[in-house]
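Here is the file coords19.cif (mmCIF, C-alpha atoms).
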```
data_data
#
loop_
_atom_site.label_atom_id
_atom_site.label_comp_id
_atom_site.auth_asym_id
_atom_site.auth_seq_id
_atom_site.Cartn_x
_atom_site.Cartn_y
_atom_site.Cartn_z
CA MET A 220 48.63 -24.39 62.05
CA ASN A 221 48.19 -21.87 64.85
CA LEU A 222 47.60 -23.95 67.96
CA PHE A 223 45.00 -21.48 69.17
CA GLU A 224 42.78 -22.00 66.12
CA PHE A 225 40.81 -24.59 68.08
CA ASP A 226 39.15 -21.60 69.78
CA LYS A 227 37.79 -20.18 66.55
CA ASN A 228 34.10 -19.62 65.91
CA GLU A 229 33.29 -22.56 63.66
CA LYS A 230 30.12 -20.93 62.37
CA THR A 231 31.94 -17.91 60.92
CA ASN A 232 35.27 -19.67 60.44
CA GLN A 233 36.92 -16.82 62.30
CA THR A 234 40.57 -17.62 63.06
CA ASN A 235 41.52 -14.72 65.28
CA LEU A 236 43.45 -15.54 68.42
CA LEU A 237 40.84 -16.35 71.05
CA LEU A 238 40.85 -18.15 74.37
CA ASN A 239 37.16 -18.97 74.33
CA ILE A 240 34.90 -21.04 72.12
CA PRO A 241 31.49 -19.37 71.65
CA ASN A 242 28.89 -20.55 74.18
CA TYR A 243 31.64 -21.73 76.56
CA SER A 244 33.35 -19.32 78.91
CA THR A 245 36.08 -21.74 79.92
CA ILE A 246 38.17 -24.26 77.97
CA ILE A 247 40.13 -27.07 79.62
CA GLY A 248 42.45 -29.24 77.52
CA CYS A 249 43.38 -32.78 78.58
CA ASP A 250 46.00 -35.23 77.39
CA GLU A 251 47.85 -38.28 78.66
CA ALA A 252 51.36 -39.69 78.55
CA GLY A 253 52.30 -43.32 78.91
CA ARG A 254 49.70 -45.40 77.08
CA GLY A 255 52.30 -47.32 75.09
CA PRO A 256 55.08 -48.23 77.55
CA ALA A 257 55.21 -51.60 79.30
CA ALA A 258 56.39 -50.12 82.60
CA GLY A 259 55.21 -47.27 84.78
CA GLY A 260 51.83 -45.70 85.29
CA VAL A 261 49.87 -43.50 82.91
CA TRP A 262 49.85 -39.74 83.53
CA ALA A 263 47.45 -37.03 82.48
CA GLY A 264 47.51 -33.26 82.42
CA ALA A 265 44.70 -30.72 82.30
CA VAL A 266 45.19 -27.05 81.48
CA CYS A 267 42.97 -23.98 81.50
CA PHE A 268 44.84 -20.87 80.39
CA LYS A 269 44.44 -17.74 82.46
CA ASN A 270 43.09 -14.58 80.85
CA ASN A 271 45.45 -12.06 79.28
CA ILE A 272 48.41 -14.41 78.95
CA ASN A 273 51.38 -13.31 76.88
CA THR A 274 51.07 -15.58 73.84
CA LYS A 275 54.66 -14.84 72.84
CA ASN A 276 55.68 -17.13 75.69
CA PHE A 277 53.98 -19.96 73.83
CA GLU A 278 55.42 -19.53 70.35
CA LYS A 279 57.18 -22.91 70.67
CA LEU A 280 54.15 -24.66 72.12
CA ASN A 281 53.47 -27.93 70.32
CA ASP A 282 52.73 -31.60 70.77
CA SER A 283 55.11 -32.75 73.52
CA LYS A 284 56.45 -35.52 71.28
CA LYS A 285 57.67 -32.91 68.79
CA LEU A 286 59.70 -30.98 71.36
CA THR A 287 63.12 -31.62 72.82
CA PRO A 288 63.33 -32.52 76.53
CA LYS A 289 64.93 -29.11 77.20
CA LYS A 290 62.12 -27.23 75.49
CA ARG A 291 59.50 -29.33 77.29
CA ASP A 292 61.11 -28.50 80.62
CA GLU A 293 61.09 -24.79 79.78
CA LEU A 294 57.45 -24.82 78.72
CA PHE A 295 56.51 -26.94 81.75
CA GLU A 296 57.19 -24.01 84.08
CA ILE A 297 55.72 -21.39 81.73
CA ILE A 298 52.48 -23.36 81.40
CA LYS A 299 52.08 -23.73 85.16
CA GLU A 300 52.66 -20.01 85.68
CA ASN A 301 50.02 -19.05 83.10
CA SER A 302 47.25 -21.53 83.72
CA PHE A 303 45.10 -23.42 86.13
CA TRP A 304 46.56 -26.90 85.84
CA SER A 305 46.58 -30.39 87.26
CA ILE A 306 48.63 -33.56 86.81
CA LYS A 307 47.29 -36.97 87.85
CA ALA A 308 48.57 -40.54 87.50
CA ILE A 309 47.10 -44.03 87.60
CA THR A 310 49.29 -46.85 88.85
CA VAL A 311 50.19 -50.07 87.09
CA GLU A 312 47.91 -52.17 89.29
CA LYS A 313 44.90 -50.05 88.37
CA ILE A 314 45.88 -50.20 84.69
CA GLU A 315 45.88 -54.00 84.91
CA LYS A 316 42.41 -53.99 86.43
CA ILE A 317 40.64 -51.62 84.05
CA ASN A 318 42.95 -51.65 80.95
CA ILE A 319 45.15 -48.87 79.67
CA LEU A 320 42.47 -46.98 77.71
CA ASN A 321 40.15 -46.71 80.69
CA ALA A 322 43.07 -45.80 82.94
CA SER A 323 44.10 -43.01 80.56
CA LEU A 324 40.58 -41.59 80.47
CA LEU A 325 40.31 -41.88 84.25
CA ALA A 326 43.55 -39.96 84.76
CA MET A 327 42.25 -37.20 82.47
CA LYS A 328 38.97 -37.15 84.37
CA TYR A 329 40.73 -36.65 87.70
CA ALA A 330 42.96 -33.92 86.25
CA ALA A 331 40.04 -32.10 84.63
CA LEU A 332 37.97 -32.24 87.82
CA ASP A 333 40.88 -30.79 89.77
CA VAL A 334 41.12 -27.82 87.39
CA ILE A 335 37.34 -27.34 87.47
CA ASN A 336 37.53 -27.12 91.25
CA GLN A 337 40.25 -24.48 90.95
CA ILE A 338 38.50 -22.19 88.50
CA LYS A 339 34.96 -22.50 89.91
CA LYS A 340 33.24 -21.42 86.69
CA ASN A 341 30.30 -22.54 84.58
CA ASN A 342 29.96 -23.04 80.82
CA ILE A 343 33.02 -25.28 80.75
CA LEU A 344 34.07 -27.31 77.71
CA ILE A 345 36.59 -30.11 78.11
CA LEU A 346 38.81 -30.84 75.09
CA VAL A 347 40.15 -34.40 75.07
CA ASP A 348 43.00 -35.59 72.89
CA GLY A 349 42.22 -38.66 70.79
CA ASN A 350 38.97 -40.23 69.62
CA LYS A 351 37.33 -41.10 72.93
CA LEU A 352 35.42 -39.09 75.49
CA ILE A 353 35.90 -39.29 79.24
CA LYS A 354 33.45 -41.78 80.73
CA ASP A 355 30.89 -40.94 83.40
CA PHE A 356 31.64 -37.24 83.15
CA GLU A 357 28.98 -34.58 83.66
CA TYR A 358 30.69 -31.72 81.85
CA PRO A 359 30.44 -30.99 78.11
CA GLN A 360 33.39 -32.41 76.23
CA LYS A 361 34.74 -32.77 72.74
CA TYR A 362 37.46 -35.09 71.52
CA ILE A 363 40.01 -33.86 68.98
CA ILE A 364 42.04 -36.38 67.02
CA LYS A 365 45.70 -35.32 67.14
CA GLY A 366 44.54 -32.55 69.42
CA ASP A 367 48.03 -32.03 70.82
CA SER A 368 48.98 -30.62 67.40
CA LYS A 369 45.81 -28.52 67.04
CA SER A 370 44.83 -27.27 70.47
CA ALA A 371 46.90 -25.02 72.70
CA SER A 372 45.40 -26.30 75.93
CA ILE A 373 45.75 -29.95 74.88
CA ALA A 374 49.34 -29.36 73.78
CA ALA A 375 50.08 -27.76 77.13
CA ALA A 376 48.43 -30.66 78.95
CA SER A 377 50.52 -33.11 76.94
CA ILE A 378 53.69 -31.34 78.08
CA LEU A 379 52.69 -31.43 81.74
CA ALA A 380 51.90 -35.13 81.51
CA LYS A 381 54.99 -36.05 79.50
CA VAL A 382 57.49 -34.14 81.66
CA SER A 383 55.95 -35.47 84.87
CA ARG A 384 55.99 -39.05 83.68
CA ASP A 385 59.55 -38.83 82.35
CA ARG A 386 60.73 -37.47 85.69
CA TYR A 387 58.96 -40.31 87.45
CA MET A 388 60.61 -42.90 85.19
CA ASP A 389 63.99 -41.28 85.92
CA LYS A 390 63.24 -41.66 89.63
CA ILE A 391 62.31 -45.34 89.54
CA ASP A 392 65.25 -46.03 87.24
CA LYS A 393 67.43 -45.48 90.30
CA GLU A 394 65.57 -48.31 91.99
CA TYR A 395 65.87 -50.67 89.01
CA PRO A 396 68.68 -49.29 86.82
CA ILE A 397 69.12 -52.52 84.88
CA TYR A 398 65.94 -51.82 82.87
CA ASP A 399 67.31 -48.50 81.55
CA TRP A 400 64.08 -46.60 82.21
CA LYS A 401 65.89 -43.27 82.30
CA ASN A 402 66.41 -43.71 78.56
CA ASN A 403 63.51 -45.85 77.34
CA LYS A 404 60.86 -44.44 79.74
CA GLY A 405 59.32 -47.90 79.97
CA TYR A 406 59.02 -48.63 76.27
CA LEU A 407 60.13 -52.06 75.10
CA THR A 408 63.52 -51.36 73.62
CA LYS A 409 65.86 -54.25 72.93
CA LYS A 410 67.79 -53.56 76.13
CA HIS A 411 64.60 -53.41 78.15
CA ILE A 412 63.32 -56.71 76.77
CA GLU A 413 66.63 -58.43 77.38
CA ALA A 414 66.67 -57.17 80.97
CA ILE A 415 63.16 -58.54 81.56
CA GLN A 416 64.07 -61.92 80.07
CA LYS A 417 67.15 -62.14 82.26
CA ASN A 418 65.92 -60.61 85.51
CA GLY A 419 62.13 -60.89 85.43
CA MET A 420 59.49 -58.21 85.83
CA THR A 421 59.19 -55.66 88.61
CA LYS A 422 56.24 -54.14 90.44
CA TYR A 423 56.32 -51.35 87.87
CA HIS A 424 55.83 -53.60 84.83
CA ARG A 425 52.44 -54.04 83.13
CA LEU A 426 51.98 -57.78 82.94
CA SER A 427 49.24 -57.51 80.30
CA PHE A 428 51.77 -55.84 77.99
CA LEU A 429 54.31 -58.63 78.53
CA LYS A 430 52.39 -61.86 78.00
CA ASN A 431 55.03 -63.22 75.64
CA ILE A 432 57.96 -62.43 77.91
CA THR A 433 58.81 -64.96 80.63
CA LYS A 434 59.57 -64.48 84.35
CA SER A 435 57.07 -63.62 87.09
CA PRO A 436 56.71 -60.24 88.76
CA GLN A 437 58.84 -59.70 91.82
CA GLU A 438 56.14 -57.97 93.84
CA SER A 439 52.86 -56.08 93.50
CA LEU A 440 52.05 -52.44 94.09
CA GLU A 441 48.96 -50.92 95.65
CA ALA A 442 46.86 -48.78 93.35
CA ILE A 443 46.95 -45.12 94.26
CA ILE A 444 45.97 -41.86 92.69
CA ILE A 445 48.90 -39.45 92.66
#
```

Whole structure given in structure tokens:
Amino acid sequence: MNLFEFDKNEKTNQTNLLLNIPNYSTIIGCDEAGRGPAAGGVWAGAVCFKNNINTKNFEKLNDSKKLTPKKRDELFEIIKENSFWSIKAITVEKIEKINILNASLLAMKYAALDVINQIKKNNILILVDGNKLIKDFEYPQKYIIKGDSKSASIAAASILAKVSRDRYMDKIDKEYPIYDWKNNKGYLTKKHIEAIQKNGMTKYHRLSFLKNITKSPQESLEAIII
């Protein structure tokens, strides 16, 4: 499927390459990375493509999970050069307070608002990956299930979020290398679980995800918006 088909006119079923949905002058796609891992915050990206972009630069654009790390890194820079964009993160402590779903939606809200402030336009439609809408949000929005495989702007947002979060996990891996975050990115691999059972949890672990794994956290972390 052409990732730009989300911009088609649904009334006429037109599938020409468009960067606008009728009745909306501006489209912003949002997606998150990091809902499933047991360590690290959740990140979100928001992308609004600039006019007259060279679509050939995006021939490999896809759901970030379907791309190699090298290709994600390449597209990361291309997306930023050709769009109004934002990347936001919610910390572990905030996730524990409001749960991971609400934290994911909140990160997307902050990212979308940042892009809205950059473009300063009306008639905006926010496209949200998944089956939930952003809460307490004044702008029109539409959720798209598996949107990162159907929508160009959501796919781009997923890449920004994924690359940013992976780089962050690589960074904190240097602080706690025993948990192997540079490879597992916070997911509960066998090595990660064994490290938790032996050494306990860190300030970067989500306690609510680890109720069946022993050891207390070593320290807490203040909630911040990055």

Leaving out Gly405 in chain A and any residue of its chain fewer than 6 positions from it, which residues lie within 6 Å of it when counting all atoms listed in the file, given as a count of residues only?
3

Evaluate the PyMOL selection byres ((chain A and resi 347) around 12) here and jot the selected residues down as an MDAnalysis selection string.
chainID A and resid 246:251 263:266 323:328 330:331 344:346 348:354 358:367 369:374 376:377

Nearest to Ile319 in chain A among A:Ile412, A:Val334, A:Ile391, A:Leu426, with distances taken over all atoms listed in the file: which residue is it?
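Between A:Ile412, A:Val334, A:Ile391, A:Leu426, the residue approaching Ile319 in chain A most closely is A:Leu426.
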
Would you mind telling me which residue in A:Lys269, A:Lys316, A:Lys390, A:Lys275 lies nearest to Leu294 in chain A when using all atoms listed in the file?
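Distance minimum relative to Leu294 in chain A lands on A:Lys275.
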
Which residue gives the smallest distance to Phe295 in chain A among A:Asn431, A:Asn403, A:Ser383, A:Asn271, with all atoms listed in the file counted?
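Closest to Phe295 in chain A of all the choices is A:Ser383.
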
Applying 7 Å and all atoms listed in the file, which residues near Arg291 in chain A remain after dropping the ones on its own chain fewer than 4 positions away? List them as a list in words.
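Residues meeting the cut-off are Ser283, Leu286, Thr287, Phe295, Ile378 and Val382 of chain A.
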
Using the chain letters and residue numbers of this document, give as a count of residues only the residues selected by the PyMOL selection byres ((chain A and resi 417) around 12).
16

At what distance in Å, to one decimal, does CA of Lys393 in chain A lie from CA of Gly260 in chain A?
16.4 Å

Nearest to Leu280 in chain A, chosen from A:Ile343, A:Leu332, A:Ala380, A:Ala375, with all atoms listed in the file counted in the distances
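Among the listed residues, the smallest separation from Leu280 in chain A belongs to A:Ala375.
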
Given only C-alpha atoms as the basis, pick out the residue of A:Gly253, A:Lys285, A:Val261, A:Ser244 nearest to Ser368 in chain A.
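For Ser368 in chain A, the nearest of the candidates is A:Lys285.
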
Option closest in space to Lys307 in chain A, from A:Arg384, A:Lys339, A:Lys289, A:Lys279 [counting only C-alpha atoms]:
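Closest to Lys307 in chain A, using only C-alpha atoms: A:Arg384.
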
Could you state the separation of CA of Lys404 in chain A and CA of Met388 in chain A in Å, given to one decimal place?
5.7 Å
